[in-house]
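Data first, discussion second: the structure below is written as structure tokens.
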Amino acid sequence: MRTSTRTRLRHFAPFALITSAALLLSACGSGSGGSANAADAAAAADKVPTTDVVSAVHKDEAAARLLPAGVTGLKVAVSVGGTPPGTTYLDDGKTLTGQDVDFTKAVANVLGIRLKVEQAGFEAILPALDSGKYDFGASNFGVTDERRRTIDFVTYINDGQGFATREDSDLGKITDLTQLCGLNVATGAGTTFEATLEKNKHLCTDAGKKAYKVQTYGEPSAIWSSVQQGRSDVVMSTINGLRYAVAHQPGLKFLNEYHRLDVGFAFKKGTKLAPAFQAAVNKLIADGTYEAILKKWGTTGSAIATSRISPPELKN
């Protein structure tokens, strides 16, 4: 569900060919979206958190044995350019951080594998998995029935789709997309939000109303600039990302959650890596690392009870 448009591939020195011992920061059960989430977002808003919550995670032999024979390292693609809890940089401009980064590193520690991290545009990662360009993707990928036709997932959080707008907007809770008719809706390219909006445009014309306009952007900063400057009326994005942005930026308000989705690591269909990753996530849940990561990023409302492999899309 994260956003980024251009396929910019490059190796990151801080994380290229990392050993599990050195995996540390250098510096959508589904939540209800209630006061706990709001409090989490406010707590995370002061600054990008740098607490190291994953380097102490040790290899779990039982989980590691589930890896295919001979696997000692994997190539992971991430989309960078978001705001926390999504993947971004620390102040040094080169060290990656974010919730997905922490989960990826923690899972690698559990499995005792090395990671080679590459950056790619969000919309380029899933198609590249089939070709073997990457072994998996870690960029807040929402699990949808359409994606499950060509991608396998191992879930690790529950996030989803939500709306935010300017504080002075008359918009209220969005429960039906026809409430957007005639408006300009900003979102990220290649995301579940873009797909949902495009798929349902007809609802407005079917009702005899002017269709809303979907405005896609490659960087969150461009989305928020468009809203702040009045070129866009409302933003559709990740629930956690919207809460963080609203807590950080004056003049914005979170409207509501719209549709919860499980989020998972993404793999080529038929991957043999899924059982090991599932066991690793469940190990993190059991030993308390999972909760520590969520608390660090203010996303405890996105906790899941257990990891699953390619579950059906949530219908809510």
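We name chains A, B, ... following the order of the structure tokens; residues begin at 1 in each chain, and ligands are numbered from 1 as shown.
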
Test item, strand (DSSP E or B) assignment across region 61-293 of chain A, answer as a PyMOL selection string: chain A and resi 73-78+88-89+96-97+114-119+136-142+151-166+184-188+213-217+234-238+252-268

Picked from region 82-162 of chain A by DSSP as helix (DSSP H, G or I), as number ranges by chain: A: 99-111, 122-131, 145-148

Identify, on the basis of only C-alpha atoms, every residue whose closest approach to Val235 (chain A) does not exceed 10 Å; exclude the query and any residue fewer than 2 positions from it along the same chain; express the result as a CSV table (one decimal) with N, CA and C atoms, in the first residue's frame.
chain,number,residue,atom,x,y,z
A,162,GLY,N,-7.8,4.5,4.4
A,162,GLY,CA,-8.4,5.5,5.1
A,162,GLY,C,-8.4,6.8,4.4
A,163,PHE,N,-9.0,7.8,5.0
A,163,PHE,CA,-9.1,9.2,4.3
A,163,PHE,C,-8.6,10.3,5.3
A,164,ALA,N,-8.1,11.3,4.7
A,164,ALA,CA,-7.7,12.5,5.5
A,164,ALA,C,-7.9,13.7,4.6
A,165,THR,N,-8.0,14.9,5.2
A,165,THR,CA,-8.2,16.1,4.4
A,165,THR,C,-7.7,17.3,5.2
A,166,ARG,N,-7.9,18.5,4.7
A,166,ARG,CA,-7.6,19.7,5.4
A,166,ARG,C,-8.5,19.9,6.6
A,184,ASN,N,-11.6,16.0,-6.1
A,184,ASN,CA,-10.2,15.5,-6.5
A,184,ASN,C,-9.6,14.7,-5.4
A,185,VAL,N,-9.3,13.4,-5.7
A,185,VAL,CA,-8.9,12.5,-4.7
A,185,VAL,C,-7.4,12.2,-4.9
A,186,ALA,N,-6.5,12.5,-4.0
A,186,ALA,CA,-5.1,12.3,-4.2
A,186,ALA,C,-4.7,10.9,-3.5
A,187,THR,N,-3.8,10.2,-4.2
A,187,THR,CA,-3.4,8.9,-3.7
A,187,THR,C,-2.1,8.5,-4.3
A,188,GLY,N,-1.5,7.4,-3.9
A,188,GLY,CA,-0.2,6.9,-4.5
A,188,GLY,C,-0.4,6.1,-5.7
A,193,PHE,N,-5.2,1.8,-3.1
A,193,PHE,CA,-6.1,2.9,-3.1
A,193,PHE,C,-6.4,3.3,-4.5
A,214,VAL,N,-9.2,10.9,-9.9
A,214,VAL,CA,-8.1,10.3,-9.1
A,214,VAL,C,-6.8,10.9,-9.5
A,215,GLN,N,-6.1,11.5,-8.6
A,215,GLN,CA,-4.8,12.2,-8.8
A,215,GLN,C,-3.7,11.3,-8.1
A,223,ILE,N,1.7,14.5,-2.4
A,223,ILE,CA,0.2,14.4,-2.1
A,223,ILE,C,-0.2,15.4,-1.1
A,224,TRP,N,0.6,15.6,-0.1
A,224,TRP,CA,0.2,16.6,1.0
A,224,TRP,C,0.3,18.0,0.5
A,226,SER,N,-0.4,18.9,-2.5
A,226,SER,CA,-1.6,19.1,-3.3
A,226,SER,C,-2.8,19.4,-2.5
A,227,VAL,N,-2.9,18.7,-1.3
A,227,VAL,CA,-4.0,18.9,-0.4
A,227,VAL,C,-4.0,20.3,0.2
A,232,SER,N,-6.1,19.2,-4.4
A,232,SER,CA,-6.8,18.0,-4.1
A,232,SER,C,-7.7,18.2,-2.9
A,233,ASP,N,-8.9,17.5,-2.9
A,233,ASP,CA,-9.8,17.7,-1.8
A,233,ASP,C,-9.6,16.8,-0.6
A,237,SER,N,-5.2,6.8,1.7
A,237,SER,CA,-3.9,6.2,1.9
A,237,SER,C,-4.0,5.2,3.0
A,238,THR,N,-2.8,4.8,3.5
A,238,THR,CA,-2.8,3.8,4.6
A,238,THR,C,-3.3,4.5,5.9
A,242,LEU,N,-1.7,7.8,7.4
A,242,LEU,CA,-2.5,9.0,7.5
A,242,LEU,C,-2.5,9.6,8.9
A,254,PHE,N,-7.7,13.6,10.2
A,254,PHE,CA,-8.0,12.2,9.8
A,254,PHE,C,-9.5,12.1,9.8
A,255,LEU,N,-10.0,11.5,8.7
A,255,LEU,CA,-11.5,11.4,8.6
A,255,LEU,C,-11.9,10.0,9.2

Close residues, Ala286 (chain A) itself excluded, 10 Å, only C-alpha atoms, min 5 positions apart in chain, as a PyMOL selection string: chain A and resi 280-281+291+305-306

Among listed residues A:Gln278, A:Thr144, A:Thr150, A:Ser302, nearest Pro127 (chain A) (using only C-alpha atoms):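 Among the listed residues, the smallest separation from Pro127 (chain A) belongs to A:Thr150.
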
Near-region 157-160 of chain A list (10 Å; only C-alpha atoms; drop same-chain fewer than 2 positions) as a VMD selection string: chain A and resid 1 28 to 31 33 99 to 100 103 140 to 143 154 to 155 162 192 to 193 237 to 241 257 to 265 281 290 294 299 to 307 314

Within 8 Å of region 111-126 of chain A: each region 167-229 of chain A residue with its shortest pair, only C-alpha atoms, as CSV:
residue,atom,partner,partner_atom,distance
A:Ala189,CA,A:Glu123,CA,6.9
A:Gly190,CA,A:Glu123,CA,4.5
A:Thr191,CA,A:Glu123,CA,7.1

Within 12 Å of region 199-210 of chain A: each region 140-186 of chain A residue with its shortest pair, only C-alpha atoms, as JSON lines:
{"residue": "A:Asp176", "atom": "CA", "partner": "A:Leu203", "partner_atom": "CA", "distance": 9.6}
{"residue": "A:Leu177", "atom": "CA", "partner": "A:Asn200", "partner_atom": "CA", "distance": 7.5}
{"residue": "A:Thr178", "atom": "CA", "partner": "A:Cys204", "partner_atom": "CA", "distance": 5.5}
{"residue": "A:Gln179", "atom": "CA", "partner": "A:Cys204", "partner_atom": "CA", "distance": 8.7}
{"residue": "A:Leu180", "atom": "CA", "partner": "A:Cys204", "partner_atom": "CA", "distance": 8.3}
{"residue": "A:Cys181", "atom": "CA", "partner": "A:Cys204", "partner_atom": "CA", "distance": 5.7}
{"residue": "A:Gly182", "atom": "CA", "partner": "A:Lys210", "partner_atom": "CA", "distance": 5.0}
{"residue": "A:Leu183", "atom": "CA", "partner": "A:Lys210", "partner_atom": "CA", "distance": 8.6}
{"residue": "A:Asn184", "atom": "CA", "partner": "A:Lys210", "partner_atom": "CA", "distance": 11.1}
{"residue": "A:Val185", "atom": "CA", "partner": "A:Lys201", "partner_atom": "CA", "distance": 11.2}

Using C-alpha atoms, can you export the residues from the last selection as a PDB file, in the first residue's frame?
ATOM      1  CA  ASP A 176     -19.445   5.385   0.608  1.00  0.00           C
ATOM      2  CA  LEU A 177     -17.283   6.405  -2.337  1.00  0.00           C
ATOM      3  CA  THR A 178     -20.196   8.338  -3.825  1.00  0.00           C
ATOM      4  CA  GLN A 179     -19.448  10.913  -1.133  1.00  0.00           C
ATOM      5  CA  LEU A 180     -16.359  11.722  -3.216  1.00  0.00           C
ATOM      6  CA  CYS A 181     -18.289  12.483  -6.412  1.00  0.00           C
ATOM      7  CA  GLY A 182     -17.033  15.658  -8.067  1.00  0.00           C
ATOM      8  CA  LEU A 183     -13.947  15.865  -5.847  1.00  0.00           C
ATOM      9  CA  ASN A 184     -10.229  15.523  -6.549  1.00  0.00           C
ATOM     10  CA  VAL A 185      -8.867  12.523  -4.657  1.00  0.00           C
TER      11      VAL A 185
END

Coordinates-based distance that separates CA of Ala69 (chain A) from CA of Gly270 (chain A) (Å, one decimal): 16.1 Å

Pairwise distance for CA of Pro84 (chain A) and CA of Pro250 (chain A), rounded to one decimal in Å: 16.4 Å

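Taking CA of Val78 (chain A) and CA of Ser139 (chain A) as the two end points, the separation is 5.5 Å.
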